[in-house]
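Comments concern the structure below.
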4 protein chains.
Amino acid sequence: MKMFLSDNNSGVHPRILNAICECNKEHEYPYGDDSYTKKAIVKLKDAFGPNADIYFVGTGTAANVISLSNFLRPFEGVICADTAHINVDECSAFERFSSCKLLYVPNRNGKITTQDIESFFSSIGDEHQTQPKVVSISQLTELGTLYTLEEIREIADFAHKHDLLLHVDGARLANAAVALNVSFKEMIVDTGVDFLSFGGTKNGMMMGEAIISMNSDISKHLKYMRKQGMHLISKMRYISAQFIPYLEDDLWMKNAKQANKMAALLVSEVKKFPQIHLMNQGEGNMIFAQIPQPWIQPLKDMYDFYLMEESDNIVRWVTSFDTTEDEIYTFVDEIKKLANK
Amino acid sequence: MKMFLSDNNSGVHPRILNAICECNKEHEYPYGDDSYTKKAIVKLKDAFGPNADIYFVGTGTAANVISLSNFLRPFEGVICADTAHINVDECSAFERFSSCKLLYVPNRNGKITTQDIESFFSSIGDEHQTQPKVVSISQLTELGTLYTLEEIREIADFAHKHDLLLHVDGARLANAAVALNVSFKEMIVDTGVDFLSFGGTKNGMMMGEAIISMNSDISKHLKYMRKQGMHLISKMRYISAQFIPYLEDDLWMKNAKQANKMAALLVSEVKKFPQIHLMNQGEGNMIFAQIPQPWIQPLKDMYDFYLMEESDNIVRWVTSFDTTEDEIYTFVDEIKKLANK
Amino acid sequence: MKMFLSDNNSGVHPRILNAICECNKEHEYPYGDDSYTKKAIVKLKDAFGPNADIYFVGTGTAANVISLSNFLRPFEGVICADTAHINVDECSAFERFSSCKLLYVPNRNGKITTQDIESFFSSIGDEHQTQPKVVSISQLTELGTLYTLEEIREIADFAHKHDLLLHVDGARLANAAVALNVSFKEMIVDTGVDFLSFGGTKNGMMMGEAIISMNSDISKHLKYMRKQGMHLISKMRYISAQFIPYLEDDLWMKNAKQANKMAALLVSEVKKFPQIHLMNQGEGNMIFAQIPQPWIQPLKDMYDFYLMEESDNIVRWVTSFDTTEDEIYTFVDEIKKLANK
Amino acid sequence: MKMFLSDNNSGVHPRILNAICECNKEHEYPYGDDSYTKKAIVKLKDAFGPNADIYFVGTGTAANVISLSNFLRPFEGVICADTAHINVDECSAFERFSSCKLLYVPNRNGKITTQDIESFFSSIGDEHQTQPKVVSISQLTELGTLYTLEEIREIADFAHKHDLLLHVDGARLANAAVALNVSFKEMIVDTGVDFLSFGGTKNGMMMGEAIISMNSDISKHLKYMRKQGMHLISKMRYISAQFIPYLEDDLWMKNAKQANKMAALLVSEVKKFPQIHLMNQGEGNMIFAQIPQPWIQPLKDMYDFYLMEESDNIVRWVTSFDTTEDEIYTFVDEIKKLANK
């Protein structure tokens, strides 16, 4: 059974699973005070710079919520797109854990701009209004689109100029880096991002997420926040060890390249069908498309996927590190059949 | 390197690790809608009865906090011992997530009684005071002691009579069941416990914790609470699959028996040293003892353990499923050497 | 000094102040167990029906936040307009106190419709998404507009049909009732509103707000919530006594009529100036208008008011129970002078 | 009807009521930007020093909860006596609003010592445990006892040495100052208290409480916190104006002196009855006593009071600014009658 539902339908990449099994040897100190966690932190510092503060957690929601809640005071808010995962896909975990407000704005193709941020500036200093403090963007966005490095840098500069911080929800950061053909350092550190939810689960890990802070001032209390967030995992090595092969030998890149390549292949194939209206160009590994209503069920029966908006027949197809060309062509064949009916 | 620090220093039992690797085959639906999770639920229902509601999470703190917060209103409180893990070892995660109060009382050898519960009854109906709603006990307790079935039943009956619910923090429930020579059903379901944090991590799992509710009324919203608690794990099968061998063929029992047996062996050996004052009798797998101050460092250098109270030289030794007789005797030999100095 | 800034610039109506002084006689039981509070409750039950549950609090924010938080579970949300006072003028007090999410939508002239409510229905039952539970509307709206009885009834019916509840922020309910020429009962009880923030402060009280629940199921724990909300006022009689003259002899109506009449007078006068673009018709006691930029400061110097959107020169003028015809004409004279410059 | 239930049974002192009526003249800017609030702040700065930051609120619970929550991070806790008002008489409002933990310890005659504070120091730096950050004491304590200036200074110095802050719940601060015959400045500022809940309601005000911070670092965000705490009162002058006569001409002192004097008179009289066992010596205006069970109801029928512990027949008698010698003697006469039965 394969699916285009999400990249978390996949299992674990064999090299990641191997790393997990390899660390099952001896007693180790718990809660991250073990040799595997220490090595994984070294690898992440290689990627994100020596000043990066790194905290492993078990889910992407935890990475987002704990990192955002870490330094916010309860009257401060987070500016984000209405489509942001924290806004619509995490059951208000952020509001529950932080007691803070999300200041969501209409997205512009999944993204936000400095203009959106500026619209909250009249609140600053007014005790009747939530004080904006963080801007959160997703890279890839939830609509499969991409911020360019210039766009990220512009938002970061604008945020910092107005005493705001920039967070990136990087559940699919590897796919974005591959799409832009840049390193994590170029995309995150050099643009001025303050802190990051660095996702591995959607790119071949079992459960591998890390909060990465480029600014130790804002992460100095993060160890307490992670414990309060219920994500100080006792046998942490089984989480952290996954990051070692992921960063050594660029497994993150190989996995993301395959996923993106398969998305691009699917895009290039479905473009041939005038009945299909593509909403994005598959820059990463997510494709949104409007397709004929009668095609939906037969295609879902083959490889399941999400019907995003029932009224508009908009579907989402997500490829993964283990998606194959064969699968893409099999799917396209089914489309052909439906088109010829 | 071995340790007596905690049973979470151990790695994963080979059969558990095998189950994890075995489920790494195909695409599966995420968030628990997979075949392994379904099977694990069947196994847990075999153990806890067909009405049990089961929610897998990644940490023991998550099991405690999410289950307790699930139905509490913000003006309701949880009566527990001052030594309770939720009270002193979870960095007030409960208070943070629930905004509720822990009504902690001085423990009686790690335990509480109906008398302690009754002391809060004068608050009932008074809008100036926190309303008691749940009693939470730990089995094993944090001091390594045990509630008998009669004690649990007495507390459950008393709680229910006064419209309170009973929660058990079962981080070491398997060790307790083995010590009492009873099944989970006898200890939990038949005594009237309402809901349980069922721990596997300390007994040979990688990360395996489950919230088990015997009362579907109180767990009907738990799926939302788990998501908000950031523990709806996308590739959930890797958590849930661990419970399959754990319950099939009674791996939980074999593991806990070994741990308890090694604790009992250590107790029987150290009893020979008049310099050592045992605080409990190693009924489970945790021993608290007062030892001569000069012995502490040499013994910690051999197998590390916690010095619980520095002023009193009270130490905690925890055995695990992978503790061996050799290790116990090696440790006892070192004690002998220290005693003969 | 007079102002058009807000109706809370006014002092206390003499009859209200008299009622406060009158209750300063003897010792009384605290926290609402006094004869004045009991009498005020009787008066409110006369107005809102015998099943109304009534809780006095000190501020409008408290009435909104405590009443909305009262029965919400943390994964449930409140649908409201983006302009709602709870959304933009209470410094995220709701999110802080409830840990819940506001699901705000673009307002339609200050109002929302059943279509806006329906847009959240795809979330129902999905553990990844906030569960809609309450619809909150403001009457008068924050843009000075009005819901008709038919509109309220339609929203109430739609909400109830989908297991949602309807809350009204009635900070200016008296002005709305006068504008629609209906009783509170007709506007609130007969339309199916579930609970109400009933404001008196903006209509001549010193500090007088009440949470009124038409549904005792949802208010059964409100006494604890009010105490937790820090609004169980010890000498409560000084709050509650204000409601006695307010409801006896229809002081609420007389006050609101005067305020509305003055707003209507101002509207009728400023309509004569083609330079002024009215955004609403002053149905209640709030007028929004776009005026020439150079007029703003001179007019503010006379009677201060809010400049709502600096870029568009949109101003808000609010009349009060103590606004006089003289003041309106003085203000209009100044406009004339500016127009003739 | 008079009572010994609490000092909040009393009404408002005529001079306070007069100040309220006097400020009912003109339009004023709302939310504290008015001339009365400004004057009251000047008066409080005269009493507490020019660096004091002052925020008026409506209830004592609000003063405690908002001031304590102001700068606490969610993993930080407040050390207090088990008898503290915040711990047992505010329905866990603190936990609800702050999501933080109260670290309560057994009281020593209503008080705590540096030893109690020190018992939490082993938690410092340990991510598994709540981090102590504030010490909160009550002056008068809830048992009617007093901290001496030396005791306050010792706690303040000890707290500061260990990077903790000291809060005083001063619901009855005036009674304490009179009992110790010191000024507020000597008791609070000179001893090193960091912030204070300054209560007026129990000493003749209608609703008058202020948060007073001696350290502007910790109060710099308090204006947002007060708004979130739902206590930014729109017509604030009616709260703040009460403080003007209270501080001018030492009305606080006159009122508290009368209350204390009446308590002392009652103590001196009841001492004559061997059947009455006094738990404190009425240093302030609260007396705790164990009395014969059959006396309770007849005495309550005369002047109502709290029966604190039913099993032990312990009662609490509170005098007020308007308690008279006649009332004391009438009560003592009833005791005589009961004693002679």
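Chains: A, B, ... in order of the structure tokens. Residues: from 1 per chain. Ligands: from 1, in order shown.
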Pull out every residue of chain C that has at least one atom within 8 Å of chain D, counting only C-alpha atoms, and report them as number ranges by chain.
C: 1-3, 8-12, 17, 21, 24-30, 58-59, 61-62, 90-94, 96-97, 206-207, 224, 227-235, 238
If you run DSSP over the backbone, which residues in range 109-212 of chain C end up strand (DSSP E or B)? Put them as a ChimeraX atom specification.
/C:111,131-138,165-170,195-199,209-212
Atoms to include: N, CA and C atoms. Write the selected residues as a PDB file, in the first residue's frame.
ATOM      1  N   LYS C 111     -20.507  42.757  11.748  1.00  0.00           N
ATOM      2  CA  LYS C 111     -21.320  41.585  12.082  1.00  0.00           C
ATOM      3  C   LYS C 111     -20.782  40.298  11.430  1.00  0.00           C
ATOM      4  N   GLN C 131     -12.254  22.786  17.957  1.00  0.00           N
ATOM      5  CA  GLN C 131     -13.667  22.470  17.788  1.00  0.00           C
ATOM      6  C   GLN C 131     -14.525  23.711  18.071  1.00  0.00           C
ATOM      7  N   PRO C 132     -15.267  24.192  17.080  1.00  0.00           N
ATOM      8  CA  PRO C 132     -16.118  25.364  17.339  1.00  0.00           C
ATOM      9  C   PRO C 132     -17.200  25.026  18.370  1.00  0.00           C
ATOM     10  N   LYS C 133     -17.427  25.937  19.324  1.00  0.00           N
ATOM     11  CA  LYS C 133     -18.396  25.646  20.387  1.00  0.00           C
ATOM     12  C   LYS C 133     -19.311  26.822  20.693  1.00  0.00           C
ATOM     13  N   VAL C 134     -18.801  28.023  20.515  1.00  0.00           N
ATOM     14  CA  VAL C 134     -19.594  29.211  20.825  1.00  0.00           C
ATOM     15  C   VAL C 134     -19.501  30.190  19.669  1.00  0.00           C
ATOM     16  N   VAL C 135     -20.598  30.887  19.416  1.00  0.00           N
ATOM     17  CA  VAL C 135     -20.588  32.042  18.524  1.00  0.00           C
ATOM     18  C   VAL C 135     -20.763  33.259  19.419  1.00  0.00           C
ATOM     19  N   SER C 136     -19.920  34.252  19.230  1.00  0.00           N
ATOM     20  CA  SER C 136     -20.043  35.475  20.030  1.00  0.00           C
ATOM     21  C   SER C 136     -20.266  36.666  19.108  1.00  0.00           C
ATOM     22  N   ILE C 137     -21.344  37.370  19.365  1.00  0.00           N
ATOM     23  CA  ILE C 137     -21.622  38.597  18.597  1.00  0.00           C
ATOM     24  C   ILE C 137     -21.728  39.771  19.572  1.00  0.00           C
ATOM     25  N   SER C 138     -21.546  40.965  19.057  1.00  0.00           N
ATOM     26  CA  SER C 138     -21.658  42.164  19.893  1.00  0.00           C
ATOM     27  C   SER C 138     -22.867  42.967  19.437  1.00  0.00           C
ATOM     28  N   LEU C 165     -23.318  27.320  20.993  1.00  0.00           N
ATOM     29  CA  LEU C 165     -24.031  28.241  21.859  1.00  0.00           C
ATOM     30  C   LEU C 165     -23.828  29.673  21.369  1.00  0.00           C
ATOM     31  N   LEU C 166     -24.752  30.543  21.721  1.00  0.00           N
ATOM     32  CA  LEU C 166     -24.659  31.937  21.282  1.00  0.00           C
ATOM     33  C   LEU C 166     -24.450  32.871  22.473  1.00  0.00           C
ATOM     34  N   HIS C 167     -23.376  33.633  22.388  1.00  0.00           N
ATOM     35  CA  HIS C 167     -23.050  34.650  23.400  1.00  0.00           C
ATOM     36  C   HIS C 167     -23.210  36.035  22.790  1.00  0.00           C
ATOM     37  N   VAL C 168     -23.718  36.954  23.582  1.00  0.00           N
ATOM     38  CA  VAL C 168     -23.790  38.349  23.153  1.00  0.00           C
ATOM     39  C   VAL C 168     -22.949  39.218  24.087  1.00  0.00           C
ATOM     40  N   ASP C 169     -22.030  39.970  23.496  1.00  0.00           N
ATOM     41  CA  ASP C 169     -21.310  41.003  24.237  1.00  0.00           C
ATOM     42  C   ASP C 169     -22.179  42.250  24.209  1.00  0.00           C
ATOM     43  N   GLY C 170     -22.830  42.498  25.327  1.00  0.00           N
ATOM     44  CA  GLY C 170     -23.808  43.584  25.394  1.00  0.00           C
ATOM     45  C   GLY C 170     -23.284  44.796  26.143  1.00  0.00           C
ATOM     46  N   PHE C 195     -26.149  33.149  26.504  1.00  0.00           N
ATOM     47  CA  PHE C 195     -25.631  33.938  27.629  1.00  0.00           C
ATOM     48  C   PHE C 195     -25.113  35.274  27.139  1.00  0.00           C
ATOM     49  N   LEU C 196     -25.035  36.191  28.100  1.00  0.00           N
ATOM     50  CA  LEU C 196     -24.922  37.606  27.785  1.00  0.00           C
ATOM     51  C   LEU C 196     -23.968  38.281  28.748  1.00  0.00           C
ATOM     52  N   SER C 197     -23.130  39.166  28.176  1.00  0.00           N
ATOM     53  CA  SER C 197     -22.408  40.129  29.011  1.00  0.00           C
ATOM     54  C   SER C 197     -23.244  41.391  29.008  1.00  0.00           C
ATOM     55  N   PHE C 198     -23.836  41.690  30.146  1.00  0.00           N
ATOM     56  CA  PHE C 198     -24.792  42.793  30.238  1.00  0.00           C
ATOM     57  C   PHE C 198     -24.097  43.994  30.861  1.00  0.00           C
ATOM     58  N   GLY C 199     -23.838  44.989  30.031  1.00  0.00           N
ATOM     59  CA  GLY C 199     -23.042  46.119  30.487  1.00  0.00           C
ATOM     60  C   GLY C 199     -23.883  47.267  30.995  1.00  0.00           C
ATOM     61  N   GLU C 209     -21.441  45.426  35.685  1.00  0.00           N
ATOM     62  CA  GLU C 209     -21.525  44.458  34.607  1.00  0.00           C
ATOM     63  C   GLU C 209     -22.090  43.174  35.196  1.00  0.00           C
ATOM     64  N   ALA C 210     -22.848  42.459  34.383  1.00  0.00           N
ATOM     65  CA  ALA C 210     -23.399  41.196  34.868  1.00  0.00           C
ATOM     66  C   ALA C 210     -23.308  40.148  33.773  1.00  0.00           C
ATOM     67  N   ILE C 211     -22.972  38.945  34.191  1.00  0.00           N
ATOM     68  CA  ILE C 211     -23.080  37.794  33.299  1.00  0.00           C
ATOM     69  C   ILE C 211     -24.478  37.239  33.501  1.00  0.00           C
ATOM     70  N   ILE C 212     -25.222  37.114  32.411  1.00  0.00           N
ATOM     71  CA  ILE C 212     -26.583  36.583  32.516  1.00  0.00           C
ATOM     72  C   ILE C 212     -26.686  35.362  31.630  1.00  0.00           C
TER      73      ILE C 212
END
Every residue of range 81-206 of chain D that DSSP places in alpha helix (DSSP H), as a ChimeraX atom specification:
/D:85-88,93-98,114-118,149-161,173-180,184
Please produce a file of the residues just selected, as a PDB file, in the first residue's frame, where the atoms kept are C-alpha atoms.
ATOM      1  CA  HIS D  85      -4.737  33.273  51.055  1.00  0.00           C
ATOM      2  CA  ILE D  86      -3.421  32.576  47.532  1.00  0.00           C
ATOM      3  CA  ASN D  87      -3.118  28.912  48.464  1.00  0.00           C
ATOM      4  CA  VAL D  88      -6.437  28.176  50.120  1.00  0.00           C
ATOM      5  CA  ALA D  93      -6.985  31.670  40.722  1.00  0.00           C
ATOM      6  CA  PHE D  94      -3.201  31.942  40.807  1.00  0.00           C
ATOM      7  CA  GLU D  95      -2.686  28.581  39.148  1.00  0.00           C
ATOM      8  CA  ARG D  96      -5.394  29.341  36.611  1.00  0.00           C
ATOM      9  CA  PHE D  97      -4.092  32.731  35.594  1.00  0.00           C
ATOM     10  CA  SER D  98      -0.365  32.032  35.761  1.00  0.00           C
ATOM     11  CA  THR D 114      14.297  31.050  55.632  1.00  0.00           C
ATOM     12  CA  GLN D 115      14.601  27.361  56.473  1.00  0.00           C
ATOM     13  CA  ASP D 116      11.374  26.686  54.608  1.00  0.00           C
ATOM     14  CA  ILE D 117      12.665  28.614  51.628  1.00  0.00           C
ATOM     15  CA  GLU D 118      15.970  26.784  51.669  1.00  0.00           C
ATOM     16  CA  LEU D 149      10.468  43.989  60.748  1.00  0.00           C
ATOM     17  CA  GLU D 150      13.525  41.879  61.495  1.00  0.00           C
ATOM     18  CA  GLU D 151      11.799  38.759  60.249  1.00  0.00           C
ATOM     19  CA  ILE D 152      10.726  40.478  57.025  1.00  0.00           C
ATOM     20  CA  ARG D 153      14.210  41.853  56.485  1.00  0.00           C
ATOM     21  CA  GLU D 154      15.772  38.441  57.104  1.00  0.00           C
ATOM     22  CA  ILE D 155      13.496  36.783  54.561  1.00  0.00           C
ATOM     23  CA  ALA D 156      14.071  39.587  52.045  1.00  0.00           C
ATOM     24  CA  ASP D 157      17.839  39.395  52.387  1.00  0.00           C
ATOM     25  CA  PHE D 158      17.828  35.613  52.147  1.00  0.00           C
ATOM     26  CA  ALA D 159      15.555  35.718  49.127  1.00  0.00           C
ATOM     27  CA  HIS D 160      17.637  38.303  47.299  1.00  0.00           C
ATOM     28  CA  LYS D 161      20.850  36.469  48.058  1.00  0.00           C
ATOM     29  CA  LEU D 173      -1.251  45.749  56.050  1.00  0.00           C
ATOM     30  CA  ALA D 174      -2.676  48.753  57.864  1.00  0.00           C
ATOM     31  CA  ASN D 175      -3.546  46.602  60.852  1.00  0.00           C
ATOM     32  CA  ALA D 176      -0.027  45.235  60.863  1.00  0.00           C
ATOM     33  CA  ALA D 177       1.571  48.684  60.605  1.00  0.00           C
ATOM     34  CA  VAL D 178      -0.503  49.918  63.504  1.00  0.00           C
ATOM     35  CA  ALA D 179       0.298  46.819  65.554  1.00  0.00           C
ATOM     36  CA  LEU D 180       4.019  47.292  64.939  1.00  0.00           C
ATOM     37  CA  PHE D 184       4.426  51.450  55.444  1.00  0.00           C
TER      38      PHE D 184
END
Taking only C-alpha atoms into account, which of A:Ile16, A:Val315, A:Val270, A:Val78 comes nearest Asn203 in chain A?
A:Ile16
Residues near range 285-289 of chain C, cut-off 10 Å, only C-alpha atoms, skip fewer than 2 positions along chain, as number ranges by chain:
C: 4-7, 140-145, 172, 175-176, 179, 256-264, 266-267, 270, 276-283, 291-292, 306-308, 312-321
Tyr36 in chain D environment, 7 Å, only C-alpha atoms, sequence neighbours closer than 4 positions dropped, as a PyMOL selection string
chain D and resi 40+237+240-241
Requested write-out: all heavy atoms of the selected residues, as an mmCIF file, in the first residue's frame:
data_model
loop_
_atom_site.group_PDB
_atom_site.id
_atom_site.type_symbol
_atom_site.label_atom_id
_atom_site.label_comp_id
_atom_site.auth_asym_id
_atom_site.auth_seq_id
_atom_site.Cartn_x
_atom_site.Cartn_y
_atom_site.Cartn_z
ATOM 1 N N ALA D 40 -3.857 60.093 43.442
ATOM 2 C CA ALA D 40 -3.719 58.936 44.339
ATOM 3 C C ALA D 40 -2.331 58.317 44.198
ATOM 4 O O ALA D 40 -1.735 57.871 45.189
ATOM 5 C CB ALA D 40 -4.808 57.908 44.027
ATOM 6 N N ARG D 237 -11.186 56.242 38.246
ATOM 7 C CA ARG D 237 -11.139 57.271 39.303
ATOM 8 C C ARG D 237 -11.937 56.883 40.545
ATOM 9 O O ARG D 237 -11.582 57.267 41.649
ATOM 10 C CB ARG D 237 -11.673 58.586 38.755
ATOM 11 C CG ARG D 237 -13.067 58.467 38.163
ATOM 12 C CD ARG D 237 -13.556 59.787 37.575
ATOM 13 N NE ARG D 237 -14.303 59.536 36.336
ATOM 14 C CZ ARG D 237 -15.209 60.347 35.854
ATOM 15 N NH1 ARG D 237 -15.476 61.480 36.469
ATOM 16 N NH2 ARG D 237 -15.851 60.042 34.742
ATOM 17 N N SER D 240 -9.483 54.749 42.478
ATOM 18 C CA SER D 240 -8.268 55.433 42.928
ATOM 19 C C SER D 240 -8.584 56.575 43.893
ATOM 20 O O SER D 240 -7.818 56.824 44.831
ATOM 21 C CB SER D 240 -7.483 55.947 41.730
ATOM 22 O OG SER D 240 -8.302 56.751 40.900
ATOM 23 N N ALA D 241 -9.698 57.256 43.660
ATOM 24 C CA ALA D 241 -10.023 58.402 44.519
ATOM 25 C C ALA D 241 -10.153 57.993 45.980
ATOM 26 O O ALA D 241 -9.943 58.817 46.880
ATOM 27 C CB ALA D 241 -11.319 59.059 44.051
#
